[in-house]
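*Asks:* Provided herewith: data31.cif, mmCIF, C-alpha atoms.
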data_query
loop_
_atom_site.label_atom_id
_atom_site.label_comp_id
_atom_site.auth_asym_id
_atom_site.auth_seq_id
_atom_site.Cartn_x
_atom_site.Cartn_y
_atom_site.Cartn_z
CA MET A 1473 15.20 31.68 21.15
CA LYS A 1474 12.47 33.62 22.97
CA ARG A 1475 10.05 32.75 20.15
CA VAL A 1476 10.90 29.06 20.48
CA LEU A 1477 10.43 29.07 24.26
CA PHE A 1478 7.15 30.96 23.95
CA LEU A 1479 5.75 28.50 21.41
CA LEU A 1480 7.01 25.57 23.45
CA THR A 1481 5.30 26.87 26.60
CA LEU A 1482 2.10 27.61 24.70
CA ILE A 1483 1.90 24.13 23.17
CA LEU A 1484 2.86 22.27 26.33
CA PHE A 1485 0.45 23.96 28.72
CA LEU A 1486 -2.49 25.18 26.65
CA LEU A 1487 -3.14 22.22 24.33
CA PRO A 1488 -4.57 18.87 25.50
CA SER A 1489 -1.80 16.32 25.79
CA LEU A 1490 -3.72 13.59 23.97
CA CYS A 1491 -4.36 15.72 20.91
CA LEU A 1492 -0.78 16.95 21.00
CA ALA A 1493 0.67 13.53 20.21
CA ASP A 1494 -1.48 13.00 17.12
CA ASP A 1495 -1.16 16.59 15.90
CA LEU A 1496 2.58 16.57 16.50
CA THR A 1497 3.04 13.39 14.48
CA ARG A 1498 0.98 14.68 11.58
CA GLU A 1499 2.71 18.06 11.67
CA THR A 1500 6.15 16.44 11.63
CA GLN A 1501 5.20 14.25 8.68
CA THR A 1502 3.91 17.29 6.80
CA LEU A 1503 7.12 19.18 7.53
CA LEU A 1504 9.24 16.32 6.19
CA LEU A 1505 7.21 16.11 2.98
CA LYS A 1506 7.41 19.86 2.37
CA ALA A 1507 11.14 19.86 3.05
CA ARG A 1508 11.68 16.99 0.62
CA ASP A 1509 9.72 18.80 -2.10
CA SER A 1510 11.72 21.98 -1.49
CA VAL A 1511 15.01 20.11 -1.74
CA LEU A 1512 13.98 18.45 -5.01
CA HIS A 1513 12.87 21.80 -6.43
CA ALA A 1514 16.07 23.50 -5.29
CA GLU A 1515 18.18 20.85 -7.02
CA LYS A 1516 16.33 21.44 -10.28
CA GLU A 1517 16.70 25.21 -9.98
CA LEU A 1518 20.42 24.95 -9.23
CA SER A 1519 20.96 22.69 -12.22
CA LYS A 1520 19.41 25.45 -14.35
CA LYS A 1521 21.48 28.10 -12.54
CA ARG A 1522 18.43 29.82 -11.12
CA SER A 1523 17.81 31.39 -7.72
CA ILE A 1524 16.79 29.08 -4.89
CA SER A 1525 15.79 31.84 -2.45
CA PRO A 1526 12.19 30.58 -1.98
CA ASP A 1527 13.40 27.04 -1.28
CA PHE A 1528 16.11 28.31 1.07
CA LYS A 1529 13.51 30.25 3.08
CA THR A 1530 11.30 27.17 3.23
CA LEU A 1531 14.15 24.99 4.49
CA LYS A 1532 15.18 27.61 7.04
CA SER A 1533 11.63 27.71 8.38
CA PHE A 1534 11.58 23.92 8.33
CA ALA A 1535 14.70 23.79 10.51
CA GLU A 1536 13.11 26.07 13.12
CA ASP A 1537 9.86 24.10 13.18
CA LEU A 1538 11.71 20.81 13.32
CA ARG A 1539 13.65 21.94 16.39
CA ILE A 1540 10.41 22.86 18.13
CA ASN A 1541 8.82 19.51 17.29
CA HIS A 1542 12.01 17.73 18.34
CA MET A 1543 11.87 19.34 21.77
CA LEU A 1544 8.20 18.44 22.14
CA LEU A 1545 8.81 14.86 21.08
CA GLN A 1546 11.67 14.50 23.54
CA ASP A 1547 9.28 15.51 26.31
CA ARG A 1548 6.71 13.06 24.95
CA PHE A 1549 9.28 10.25 24.90
CA GLN A 1550 10.26 10.92 28.51
CA THR A 1551 6.63 10.70 29.57
CA ARG A 1552 6.19 7.49 27.60
CA GLN A 1553 9.34 6.02 29.16
CA GLN A 1554 7.57 5.80 32.51
CA THR A 1555 4.89 3.58 30.98
CA VAL A 1556 7.39 1.52 29.00
CA ASN A 1557 9.39 0.77 32.16
CA THR A 1558 6.40 -1.21 33.47
CA LEU A 1559 6.12 -3.40 30.35
CA GLY A 1560 9.24 -5.51 30.72
CA PRO A 1561 12.76 -5.63 29.27
CA LYS A 1562 11.73 -6.28 25.64
CA ALA A 1563 9.53 -3.17 25.51
CA ILE A 1564 12.29 -1.12 27.14
CA ASP A 1565 14.86 -2.32 24.59
CA ARG A 1566 12.57 -1.50 21.67
CA HIS A 1567 11.78 1.93 23.05
CA ASN A 1568 15.46 2.72 23.64
CA GLU A 1569 16.37 1.50 20.16
CA MET A 1570 13.69 3.74 18.67
CA LEU A 1571 15.01 6.70 20.67
CA ARG A 1572 18.59 6.14 19.52
CA GLU A 1573 17.59 5.89 15.87
CA TYR A 1574 15.26 8.89 16.08
CA ASN A 1575 17.90 11.09 17.74
CA ARG A 1576 20.56 9.98 15.27
CA VAL A 1577 18.45 10.86 12.23
CA ILE A 1578 17.19 14.19 13.58
CA GLU A 1579 20.65 15.29 14.70
CA GLN A 1580 22.08 14.36 11.31
CA LEU A 1581 19.33 16.31 9.57
CA LEU A 1582 19.77 19.38 11.77
CA THR A 1583 23.55 19.26 11.31
CA ILE A 1584 23.18 19.45 7.54
CA LEU A 1585 20.67 22.29 7.85
CA ASP A 1586 22.96 24.19 10.24
CA SER A 1587 25.84 23.86 7.78
CA SER A 1588 23.59 25.49 5.16
CA ALA A 1589 22.88 28.62 7.17
CA THR A 1590 23.19 30.86 4.11
CA GLU A 1591 21.86 30.47 0.61
CA LYS A 1592 25.38 30.13 -0.80
CA ALA A 1593 26.10 27.36 1.69
CA LEU A 1594 23.16 25.37 0.34
CA THR A 1595 25.39 23.61 -2.16
CA PRO A 1596 24.43 20.73 -4.47
CA ASP A 1597 26.32 18.39 -2.15
CA ASN A 1598 24.30 19.51 0.89
CA LEU A 1599 21.08 19.28 -1.11
CA LYS A 1600 21.96 15.74 -2.12
CA LYS A 1601 22.61 14.78 1.51
CA LEU A 1602 19.29 16.33 2.55
CA ARG A 1603 17.41 14.58 -0.25
CA THR A 1604 18.90 11.18 0.60
CA LEU A 1605 18.07 11.57 4.27
CA LEU A 1606 14.56 12.94 3.70
CA GLU A 1607 13.70 10.23 1.18
CA ASN A 1608 14.55 7.64 3.82
CA ILE A 1609 12.57 9.17 6.69
CA ALA A 1610 9.72 11.07 5.03
CA PRO A 1611 6.44 9.12 4.76
CA LYS A 1612 6.04 7.49 1.36
CA ARG A 1613 3.25 8.74 -0.85
CA PRO A 1614 1.18 5.97 -2.47
CA ASN A 1615 1.51 5.72 -6.23
CA PRO A 1616 -1.68 6.49 -8.17
CA ILE A 1617 -3.31 3.56 -9.94
CA TYR A 1618 -3.18 4.83 -13.51
CA GLY A 1619 -5.42 3.23 -16.08
CA SER A 1620 -7.13 0.67 -13.86
CA LEU A 1621 -9.88 2.83 -12.37
CA PRO A 1622 -12.25 5.35 -13.97
CA TYR A 1623 -11.42 8.97 -13.20
CA ARG A 1624 -14.76 10.38 -14.24
CA HIS A 1625 -18.40 9.75 -13.49
CA LEU A 1626 -19.79 7.24 -15.98
CA ASN A 1627 -23.34 8.59 -15.62
CA TYR A 1628 -25.00 5.24 -15.98
CA SER A 1629 -28.77 5.36 -15.78
CA LEU A 1630 -30.34 4.11 -12.58
CA LYS A 1631 -31.89 0.66 -12.63
CA ALA A 1632 -34.23 -0.81 -10.08
CA PRO A 1633 -32.92 -4.05 -8.54
CA LEU A 1634 -34.62 -7.27 -9.61
CA SER A 1635 -36.96 -8.60 -6.96
CA GLY A 1636 -37.49 -12.06 -8.41
CA VAL A 1637 -35.42 -14.88 -9.88
CA THR A 1638 -35.27 -14.69 -13.68
CA VAL A 1639 -33.50 -18.02 -14.22
CA GLU A 1640 -33.99 -20.87 -11.80
CA PRO A 1641 -31.12 -23.36 -11.96
CA ALA A 1642 -31.87 -27.04 -12.39
CA TYR A 1643 -30.29 -28.01 -9.09
CA GLN A 1644 -32.79 -25.72 -7.33
CA GLY A 1645 -35.81 -27.25 -9.02
CA GLY A 1646 -35.70 -25.49 -12.37
CA ASP A 1647 -35.94 -27.05 -15.81
CA GLN A 1648 -34.12 -30.38 -15.57
CA THR A 1649 -34.81 -31.47 -19.12
CA VAL A 1650 -31.64 -32.68 -20.84
CA LYS A 1651 -31.60 -31.47 -24.42
CA GLU A 1652 -29.60 -32.86 -27.30
CA GLU A 1653 -27.32 -29.81 -27.48
CA ASP A 1654 -26.51 -30.24 -23.80
CA LEU A 1655 -24.93 -33.60 -24.57
CA ALA A 1656 -23.30 -32.66 -27.86
CA ASP A 1657 -19.54 -32.49 -28.01
CA THR A 1658 -17.47 -29.58 -29.30
CA PRO A 1659 -14.02 -29.38 -30.92
CA LEU A 1660 -12.54 -28.23 -27.62
CA ALA A 1661 -14.50 -30.71 -25.50
CA PRO A 1662 -15.14 -33.87 -27.50
CA ILE A 1663 -17.21 -36.55 -25.79
CA SER A 1664 -15.04 -39.52 -26.68
CA LYS A 1665 -15.39 -43.02 -25.31
CA ILE A 1666 -13.05 -42.41 -22.37
CA ILE A 1667 -14.83 -39.18 -21.45
CA ALA A 1668 -18.28 -40.75 -21.79
CA GLU A 1669 -17.29 -43.72 -19.63
CA LYS A 1670 -16.06 -41.43 -16.86
CA ALA A 1671 -19.24 -39.32 -17.10
CA ARG A 1672 -21.41 -42.46 -16.97
CA GLU A 1673 -19.41 -43.64 -13.95
CA LEU A 1674 -20.32 -40.35 -12.26
CA GLN A 1675 -23.98 -40.73 -13.34
CA TRP A 1676 -23.71 -37.70 -15.63
CA ASN A 1677 -24.20 -35.62 -12.51
CA PRO A 1678 -22.62 -32.14 -12.83
CA ALA A 1679 -22.01 -31.86 -9.10
CA LYS A 1680 -20.30 -35.26 -8.94
CA ILE A 1681 -18.25 -34.49 -12.06
CA TYR A 1682 -17.09 -31.20 -10.57
CA ASP A 1683 -16.24 -32.84 -7.26
CA TRP A 1684 -14.26 -35.60 -9.01
CA LEU A 1685 -12.29 -33.05 -11.03
CA LYS A 1686 -11.54 -31.03 -7.93
CA CYS A 1687 -10.24 -34.05 -6.02
CA ASN A 1688 -8.46 -35.94 -8.81
CA ILE A 1689 -7.16 -33.48 -11.42
CA GLN A 1690 -4.10 -31.45 -10.49
CA SER A 1691 -4.20 -27.83 -11.64
CA GLU A 1692 -1.38 -26.63 -13.90
CA TRP A 1693 -0.68 -23.08 -15.04
CA TYR A 1694 -0.32 -22.46 -18.76
CA TRP A 1695 -2.10 -20.47 -21.44
CA GLY A 1696 -5.12 -21.75 -23.37
CA VAL A 1697 -6.16 -25.24 -24.44
CA GLN A 1698 -3.14 -27.46 -25.03
CA LYS A 1699 -3.88 -31.01 -23.87
CA GLY A 1700 -7.56 -31.41 -24.55
CA ALA A 1701 -10.05 -33.25 -22.36
CA GLU A 1702 -8.81 -36.80 -23.06
CA GLU A 1703 -5.13 -36.10 -22.40
CA THR A 1704 -6.02 -34.12 -19.29
CA LEU A 1705 -7.97 -37.13 -18.02
CA ARG A 1706 -5.09 -39.50 -18.82
CA GLN A 1707 -2.45 -37.30 -17.16
CA LYS A 1708 -4.75 -36.31 -14.30
CA SER A 1709 -3.54 -32.72 -14.70
CA GLY A 1710 -4.32 -29.62 -16.73
CA ASN A 1711 -5.24 -25.95 -16.62
CA ASP A 1712 -8.72 -24.50 -16.25
CA ALA A 1713 -9.44 -24.58 -19.99
CA ASP A 1714 -8.37 -28.21 -20.48
CA GLN A 1715 -10.26 -29.34 -17.40
#
Could the structure of this file be written out as structure tokens, please?

*Replies:*
Amino acid sequence: MKRVLFLLTLILFLLPSLCLADDLTRETQTLLLKARDSVLHAEKELSKKRSISPDFKTLKSFAEDLRINHMLLQDRFQTRQQTVNTLGPKAIDRHNEMLREYNRVIEQLLTILDSSATEKALTPDNLKKLRTLLENIAPKRPNPIYGSLPYRHLNYSLKAPLSGVTVEPAYQGGDQTVKEEDLADTPLAPISKIIAEKARELQWNPAKIYDWLKCNIQSEWYWGVQKGAEETLRQKSGNDADQ
């Protein structure tokens, strides 16, 4: 008890109050994560009928540190209450609801830890209760993105950025010559009479054709080419490939 009071006095009066809030939050989150890992490890060791002495010591230390942080946070909440009281009834209700939930969870956690005061008392049932509670309140760790990002340096050679335009598009004054292959049809995009008439109506202008498609053809979601250009034009709907 003397150790707890000494640490409490030291933290309250020697550390800056602004830093205390951030440090206290981070420290509490770290404690919860370590406790959760210890509980998971203890469950595995018990299932293999091995000693859980290291995990028991970790959880015992966690209980002491949690009590200290709990006392500090209670003082922090009381100080914050004065500010909240000036913000109106909704802010007061939210703050009080947060306090009730926080106190309920911490008291429940400390009760389970107190009932496991000895290593023999740290039964599988108590470990399960601790794990369930800690999994609900401990900060979630983000899952790694396996397989979608490189995990090593690719060592690509450096290349100087291009300073000039290598290909000037026709709409910006580039080569506007229409070649025979530009007008040729393909098996997937045949230029039939109905397609040619619509293109002629739009003056064979790529910008006008694109704008007409955007405004008149409804997008549908399916895989690959299924309708073809003519049927897409007739139905006024199709996916990206058919359009």

*Asks:* Using the chain letters and residue numbers of this document, give as an MDAnalysis selection string the residues selected by the PyMOL selection byres ((chain A and resi 1673-1686) around 12).

*Replies:* chainID A and resid 1642:1643 1648 1650 1654:1655 1666:1672 1687:1691 1701 1704:1705 1708:1712 1714:1715

*Asks:* Please list as a list in words every residue within 8 Å of A:Val1556, counting all atoms listed in the file and excluding residues in the same chain fewer than 5 positions away.

*Replies:*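 These residues fall inside the cut-off: Ala1563, Ile1564 and His1567 of chain A.
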
*Asks:* Just how far from atom CA of A:Gly1646 is atom CA of A:Pro1633, in Å to one decimal?

*Replies:* 22.0 Å

*Asks:* Report as a list in words all protein, DNA and RNA residues lying within 10 Å of stretch 1603-1605 of chain A, evaluated on all atoms listed in the file, omitting residues in the same chain fewer than 3 positions from it.

*Replies:*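 Near stretch 1603-1605 of chain A, the qualifying residues are Ala1507, Arg1508, Asp1509, Ser1510, Val1511, Leu1512, Glu1515, Val1577, Ile1578, Gln1580, Leu1581, Ile1584, Asp1597, Asn1598, Leu1599, Lys1600, Asn1608, Ile1609 and Ala1610 of chain A.
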
*Asks:* Write the residues of the preceding selection, restricted to C-alpha atoms, as a PDB file, in the frame of the given file.

*Replies:*
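And here's selection14.pdb as it stands now:
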ATOM      1  CA  ALA A1507      11.140  19.860   3.050  1.00  0.00           C
ATOM      2  CA  ARG A1508      11.680  16.990   0.620  1.00  0.00           C
ATOM      3  CA  ASP A1509       9.720  18.800  -2.100  1.00  0.00           C
ATOM      4  CA  SER A1510      11.720  21.980  -1.490  1.00  0.00           C
ATOM      5  CA  VAL A1511      15.010  20.110  -1.740  1.00  0.00           C
ATOM      6  CA  LEU A1512      13.980  18.450  -5.010  1.00  0.00           C
ATOM      7  CA  GLU A1515      18.180  20.850  -7.020  1.00  0.00           C
ATOM      8  CA  VAL A1577      18.450  10.860  12.230  1.00  0.00           C
ATOM      9  CA  ILE A1578      17.190  14.190  13.580  1.00  0.00           C
ATOM     10  CA  GLN A1580      22.080  14.360  11.310  1.00  0.00           C
ATOM     11  CA  LEU A1581      19.330  16.310   9.570  1.00  0.00           C
ATOM     12  CA  ILE A1584      23.180  19.450   7.540  1.00  0.00           C
ATOM     13  CA  ASP A1597      26.320  18.390  -2.150  1.00  0.00           C
ATOM     14  CA  ASN A1598      24.300  19.510   0.890  1.00  0.00           C
ATOM     15  CA  LEU A1599      21.080  19.280  -1.110  1.00  0.00           C
ATOM     16  CA  LYS A1600      21.960  15.740  -2.120  1.00  0.00           C
ATOM     17  CA  ASN A1608      14.550   7.640   3.820  1.00  0.00           C
ATOM     18  CA  ILE A1609      12.570   9.170   6.690  1.00  0.00           C
ATOM     19  CA  ALA A1610       9.720  11.070   5.030  1.00  0.00           C
TER      20      ALA A1610
END

*Asks:* Excluding same-chain residues fewer than 5 positions from A:Phe1528, what lies within 8 Å of it counting all atoms listed in the file, as an MDAnalysis selection string?

*Replies:* chainID A and resid 1514 1591 1594
